[in-house]
Amino acid sequence: IKAIKLLPETYTTSDLANTWVRVTGWGGMYPLAASELLLQTDMQIRDRGCSQNPAVFNPRSHLCLVGVNRSDICDGDSGAPLTIYLRGKVYLVGVISSGSVDCSGNRPAVAVFAGYHRAWIERTISE
């Protein structure tokens, strides 16, 4: 296990629109089926598609993710890291929050944007 750097604080959710990120988790390929192998998939951050429910999605603190070729997050991926590769380094962008119930890739997934919680994260890890 290694520590990971937070994305530089100059980035906002708007800056990340259309950016490709990687999800790595133990979620299964089907609902209610955890994986025995650590899986990964690449997803794109979108600036539209998740905002239809403002009670659940805040565009300043959440990221809307869409997979390619029906790739998706699934049961067991909540809490999984969302990472990006920039200038030769891997950074934490966020943490998976929710996705479609059927793991089909038909609906966007939602991640919590780590940058929004930077002060809390830095304060907590320094204690």
# chains A, B, ... in the order shown; residues from 1 in each chain; ligands from 1
$ select_by_dssp --residues "chain A" --states "alpha helix (DSSP H)" --output "number ranges by chain"
A: 118-126
$ residues_around --residues "stretch 102-118 of chain A" --least-positions-apart "4" --cutoff "7 Å" --atoms "only C-alpha atoms" --output "MDAnalysis selection string"
chainID A and resid 7 9 30:31 49:50 61:67 70:74 93:98 122
$ residues_around --residues "stretch 32-38 of chain A" --least-positions-apart "2" --cutoff "10 Å" --atoms "only C-alpha atoms" --output "PyMOL selection string"
chain A and resi 24-30+40+74-77+101-103
$ closest_residue --among "A:Lys89, A:Arg22, A:Lys5, A:Arg123" --to "A:Thr41" --atoms "only C-alpha atoms"
A:Arg22
$ atom_distance --atom1 "atom CA of A:Ala3" --atom2 "atom CA of A:Ala119"
17.4 Å
$ atom_distance --atom1 "atom CA of A:Thr13" --atom2 "atom CA of A:Asn69"
23.9 Å
$ select_by_dssp --residues "stretch 13-123 of chain A" --states "strand (DSSP E)" --output "PyMOL selection string"
chain A and resi 20-25+39-46+62-67+81-86+89-98+109-113
$ write_last_selection --atoms "C-alpha atoms" --output "short mmCIF file (atom, residue, chain, number, x, y, z; two decimals), in the first residue's frame"
data_model
loop_
_atom_site.label_atom_id
_atom_site.label_comp_id
_atom_site.auth_asym_id
_atom_site.auth_seq_id
_atom_site.Cartn_x
_atom_site.Cartn_y
_atom_site.Cartn_z
CA TRP A 20 -10.25 10.42 -18.41
CA VAL A 21 -9.77 8.89 -14.98
CA ARG A 22 -9.30 5.37 -13.63
CA VAL A 23 -11.45 3.54 -11.08
CA THR A 24 -9.87 0.61 -9.25
CA GLY A 25 -12.12 -1.53 -7.05
CA LEU A 39 -10.53 -4.63 -11.26
CA GLN A 40 -10.09 -1.31 -13.03
CA THR A 41 -11.84 0.66 -15.68
CA ASP A 42 -11.35 4.04 -17.30
CA MET A 43 -14.19 6.53 -17.18
CA GLN A 44 -14.70 10.06 -18.43
CA ILE A 45 -15.70 12.96 -16.21
CA ARG A 46 -18.67 14.77 -17.72
CA HIS A 62 -19.23 15.67 -7.06
CA LEU A 63 -17.98 14.29 -10.36
CA CYS A 64 -20.20 12.71 -12.99
CA LEU A 65 -18.58 9.65 -14.62
CA VAL A 66 -19.42 7.82 -17.82
CA GLY A 67 -17.76 4.59 -18.90
CA PRO A 81 -10.26 5.58 -5.54
CA LEU A 82 -10.67 7.63 -8.68
CA THR A 83 -7.21 8.50 -10.02
CA ILE A 84 -5.62 10.48 -12.82
CA TYR A 85 -2.15 10.36 -14.36
CA LEU A 86 -0.64 13.84 -14.81
CA LYS A 89 2.45 11.07 -11.38
CA VAL A 90 -0.77 9.47 -10.17
CA TYR A 91 -3.16 11.69 -8.19
CA LEU A 92 -6.34 11.05 -6.24
CA VAL A 93 -9.23 12.86 -7.91
CA GLY A 94 -12.08 11.45 -5.87
CA VAL A 95 -13.83 8.50 -4.27
CA ILE A 96 -16.65 6.48 -5.83
CA SER A 97 -20.03 7.20 -4.29
CA SER A 98 -22.72 5.57 -6.43
CA ALA A 109 -21.79 7.09 -11.85
CA VAL A 110 -21.03 9.66 -9.15
CA ALA A 111 -17.77 10.26 -7.28
CA VAL A 112 -17.02 12.67 -4.45
CA PHE A 113 -14.42 15.25 -5.58
#
